[in-house]
Every structure is written in structure tokens, then in C-alpha cells.
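Asker: Sharing a structure here in C-alpha cells format.
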Amino acid sequence: MNTVVAETVAAEKAATAEDTLASKWRPGEFALRDAWFPVAQAPTLHKRPLLRMVHSQPFYIWRDGDRIRATDYHPIAPRRTDGSEFVSASGDYPLIERFGYLWVWYGNPANADPERMPDIPFLPQHRAQPKYAWGVNFFHCTYELVLENILDLTHIDFVHGSFSGSADSEEDSIRFESTSETVTMIRTVKNRPLSTYQREVLGASQTHHDIDAFTHIFIRSGVCFLHSHSSILPGIPLMQSNTPESSTLTRANYVFGVQQTQDKAYARNWPRTAPDIAAQDESVLNPQNPRYLRQPPRRDNSTRFDAAGLHYRKRHIALIERQQNGDFDYLPDIAEGSDLADILKVKRMS
Ligand SMILES: [Fe+2]
């Protein structure tokens, strides 16, 4: 085979592989299990139960004296005899309070290992953040679309342009890495013009800045970390839960690592933009859901800028295939890679 033919064959094979990937990716159709989900902020929990859903399964979370419990029945209702296979004999799901959240285990209770919980280096492990630093948003779509949207670097420019400014920068590059459970994207931007918001509301006097932006996603649970370092503006890392309540609703509990900036006014004011930013995402995601959910597979029209999103689809499909074959384990490759505090460039809280 001559070189030109060989290259054409290789290109066609690659295109077929991408098409196969696109047609195999069916968001909202398979519930990945054996993972921890941060379903409620700890300060919001009292004796009266909170109802949370994970993949359409009910979790009643309540304080029972000194204990915190998560059950598949309401405490004033009789115990269900047809309860979930994910609860113990007492009807309890495994639960852990950490990073100011109540984390429930969706999966086989015998596999509920606290080691499987994400490491969040920018949050204190044993206390909740101040009230102004956290909240909740909802996206009316399945959580896989939220994760893909977060990994799409161009969406920040056309969906959040009013905050982030023009995309007219000198250099804009992206790299990503992944494990069997996570996808990390790092975007480096040089000499980007500041937005009116950044100049007039945040009070920046310069006209341009450099940015390193980070996105880190946990495929099973949907938990993600977002952080952006500007050469002149303060920055605060964010954890967003993206919990799949159902295939048409994603609960995004969010909390900011406000200790990571010295700028007290910014630490108080930036978290207030969260509902506006989420509304911008919702305006894109809500109409997307019916186009994906329970629709026949179709040709993929992604561009090279969607590389991180395509990689996420590949990892997501691989996890589903393993679970369909009864393998719910975590692979050893998740221990590889650098300390997350170094990748995100944050100081580790204790
Ligand atoms: Fe967004």
C-alpha cells in the first residue's frame, strides 16, 4: 500500500471510530452505580427529612438524635418491604458528612468505601463553608449533557460572554487528561480583553489578562471542580455536584472555596453570580435534552474543539460497558497523576 492510500485508510478508520463513538453514546439511559453523591448541604439538615433523588431513587435524609440517616422510606411511614437493593437490612443507605455536604452512596452498600469519595483540596473536610459561599441550581436535562457542556471550552465564550469577555485572545490552547473515572481539562489563554463586567463591576483597570482555567470531572457521580486563574483578577475554585436526580433533572449543589482569595469583597460577591451563570447554561441545556434523550443514534458533528467532550463520552461508554458486565470496581489508574491541589493551583485546606 502506498503512503497516500495508507493515510486515507487510516483517516477513514478514525472517522468510523468517531461515528461509532457518537452512535454508542446514549445519555440518560444507564445509571452508573457505586459512587458517592453530595446531595445536601449539611447546615440545611434538621429532624425533618429532606428528600433527594439519585437516578430517580428516593433518599430521605434526616437527623435521628445524634445520628444522620439516609433511608429509602420516610421516618413517619412504615418501613418498605419492597425497598431498594442499595440499602442495608435497616433500610439505611451508607452516608458520610464531609466538606460541608451529606454524601450518599448509590450502589451496593457492601462496596461503600470512603476512599472512593473525591478529594476536594480547596474545601475544609470537617466544616461547612459560610452561607454566602454555597447554593443550588437546577438544569432541566440529563447530567451527562451538563458534564459535556462544562467540558466544551467554546461555550464559555458564547454562553457566558457577558462575564468572561471577548474570545479575541493572542493564544488559546487546551489540553486534557483522563483516567477511567475522571476527565481534566486545562485551558491556557494569553492576552484576552477584559469584559465590561470585569472592568466596571470587579474594578479592574487593565485592558487584558492571561488565564489558566481548569475543569475536573468525576464521570460516575457528575461532581466537578472549576477554577480559573487570571493574571490580574482574583479567582475562587468551585465544586458543583451535577447530581442526576432523573434523566430530565440535574441538581447542581455548588460551593466556592472562598478561602483561596485574600479579596474579601470578591469572595462575598462572586458567588452571587452563580444563579445568573447557571441560567445562561440552562438556556442552552434545556432545549438540548429532548434532542438526545431516547432518540436514535446519529452522526456526530463535533469539531476538534470538542476533544475533551469526546474523550468524556469514550470514558463514559467504557464505564457503562464494564458495569453492564457486572464489574463495578474502580481501576488502579485512578491513583495515578499529580496531587489535585497542584493541578488546580490551590492551597490545601485541612
Ligand atoms: Fe457554563
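Here's how to read the names in the C-alpha cells: chain A, B, ... by the order shown, residue numbers from 1 in each chain, ligand numbers from 1 in the order shown.
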Could I get the residue neighbourhood of ligand 1 at 8 Å, counting only C-alpha atoms and all ligand atoms, as a short mmCIF file (atom, residue, chain, number, x, y, z; two decimals) with N, CA and C atoms, in the first residue's frame?

Answerer:
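So the final result, stored in pocket27.cif, reads:
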data_model
loop_
_atom_site.label_atom_id
_atom_site.label_comp_id
_atom_site.auth_asym_id
_atom_site.auth_seq_id
_atom_site.Cartn_x
_atom_site.Cartn_y
_atom_site.Cartn_z
N ASN A 149 -21.27 19.94 28.51
CA ASN A 149 -21.29 21.39 28.37
C ASN A 149 -20.12 22.02 29.14
N ILE A 150 -19.85 21.50 30.33
CA ILE A 150 -18.76 22.03 31.15
C ILE A 150 -17.41 21.79 30.46
N HIS A 155 -18.09 27.07 24.88
CA HIS A 155 -19.39 27.54 25.40
C HIS A 155 -19.21 28.75 26.33
N ILE A 156 -18.05 28.83 26.99
CA ILE A 156 -17.82 29.95 27.91
C ILE A 156 -17.88 31.27 27.13
N VAL A 159 -21.77 31.51 25.62
CA VAL A 159 -22.88 31.48 26.59
C VAL A 159 -22.64 32.47 27.74
N HIS A 160 -21.36 32.57 28.16
CA HIS A 160 -21.05 33.42 29.33
C HIS A 160 -20.25 34.67 28.95
N ILE A 277 -25.15 32.74 36.01
CA ILE A 277 -24.33 31.89 35.13
C ILE A 277 -25.08 30.59 34.84
N ALA A 278 -25.73 30.03 35.88
CA ALA A 278 -26.48 28.78 35.69
C ALA A 278 -27.66 29.01 34.74
N GLN A 280 -27.74 31.02 32.27
CA GLN A 280 -27.19 31.04 30.90
C GLN A 280 -26.98 29.61 30.40
N ASP A 281 -26.46 28.72 31.27
CA ASP A 281 -26.27 27.32 30.88
C ASP A 281 -27.62 26.63 30.65
#

Asker: Select from stretch 178-276 of chain A every residue with an atom at most 8 Å from any atom of stretch 46-54 of chain A, then for each give the shortest pair of atoms and their distance in Å to one decimal, using only C-alpha atoms, rows by chain and rising number, as JSON lines.

Answerer:
{"residue": "A:Thr243", "atom": "CA", "partner": "A:Val54", "partner_atom": "CA", "distance": 6.8}
{"residue": "A:Pro244", "atom": "CA", "partner": "A:Val54", "partner_atom": "CA", "distance": 5.7}
{"residue": "A:Glu245", "atom": "CA", "partner": "A:Val54", "partner_atom": "CA", "distance": 4.6}
{"residue": "A:Ser246", "atom": "CA", "partner": "A:Val54", "partner_atom": "CA", "distance": 6.9}

Asker: Write the residues of the selection above to a file with C-alpha atoms, as a PDB file, in the first residue's frame.

Answerer:
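New file part.pdb:
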ATOM      1  CA  THR A 243     -26.371  15.060  40.660  1.00  0.00           C
ATOM      2  CA  PRO A 244     -28.588  13.079  38.256  1.00  0.00           C
ATOM      3  CA  GLU A 245     -31.956  13.304  40.040  1.00  0.00           C
ATOM      4  CA  SER A 246     -33.591  11.898  36.898  1.00  0.00           C
TER       5      SER A 246
END

Asker: Write out as a VMD selection string which residues come within 9 Å of stretch 109-126 of chain A when counting only C-alpha atoms, dropping same-chain ones fewer than 5 positions away.

Answerer: chain A and resid 34 to 37 85 to 88 93 to 100 103 218 223 225 237 to 239 255 to 260 328 to 330 340 to 341 344 346 to 350

Asker: Using only C-alpha atoms, find the one residue out of A:Leu331, A:Ile320, A:Cys224, A:Ile232 that sits nearest to A:Gln198.

Answerer: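 Among A:Leu331, A:Ile320, A:Cys224, A:Ile232, it is A:Ile232 that comes nearest to A:Gln198.
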
Asker: If you run DSSP over the backbone, which residues in stretch 143-315 of chain A end up alpha helix (DSSP H)? Put them as an MDAnalysis selection string.

Answerer: chainID A and resid 143:150 155:159 161:164 196 264:269 274:292 307:315

Asker: DSSP on the backbone: which residues in stretch 229-304 of chain A end up as strand (DSSP E)? Give the answer as JSON, numbers by chain.

Answerer: {"A": [229, 230, 238, 239, 240, 243, 244, 245, 246, 249, 250, 251, 252, 253, 254, 255, 256]}

Asker: In Å to one decimal, how far is atom CA of A:Lys264 from atom CA of A:Tyr197?

Answerer: 18.2 Å

Asker: Give me, as a list of chain:residue names, all polymer residues having an atom no more than 7 Å from A:Ala31, counting only C-alpha atoms and skipping those fewer than 2 positions away in the same chain.

Answerer: A:Glu29, A:Arg33, A:His55

Asker: Could you jot down the atom CA of A:His209 to atom CA of A:Ile236 separation for me, Å, one decimal place?

Answerer: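 Atom CA of A:Ile236 lies at a distance of 16.5 Å from atom CA of A:His209.
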
Asker: Have a look at A:Gln41, A:Thr142, A:Ser166, A:Gln240 and name the one nearest to A:Arg26; count only C-alpha atoms.

Answerer: A:Thr142
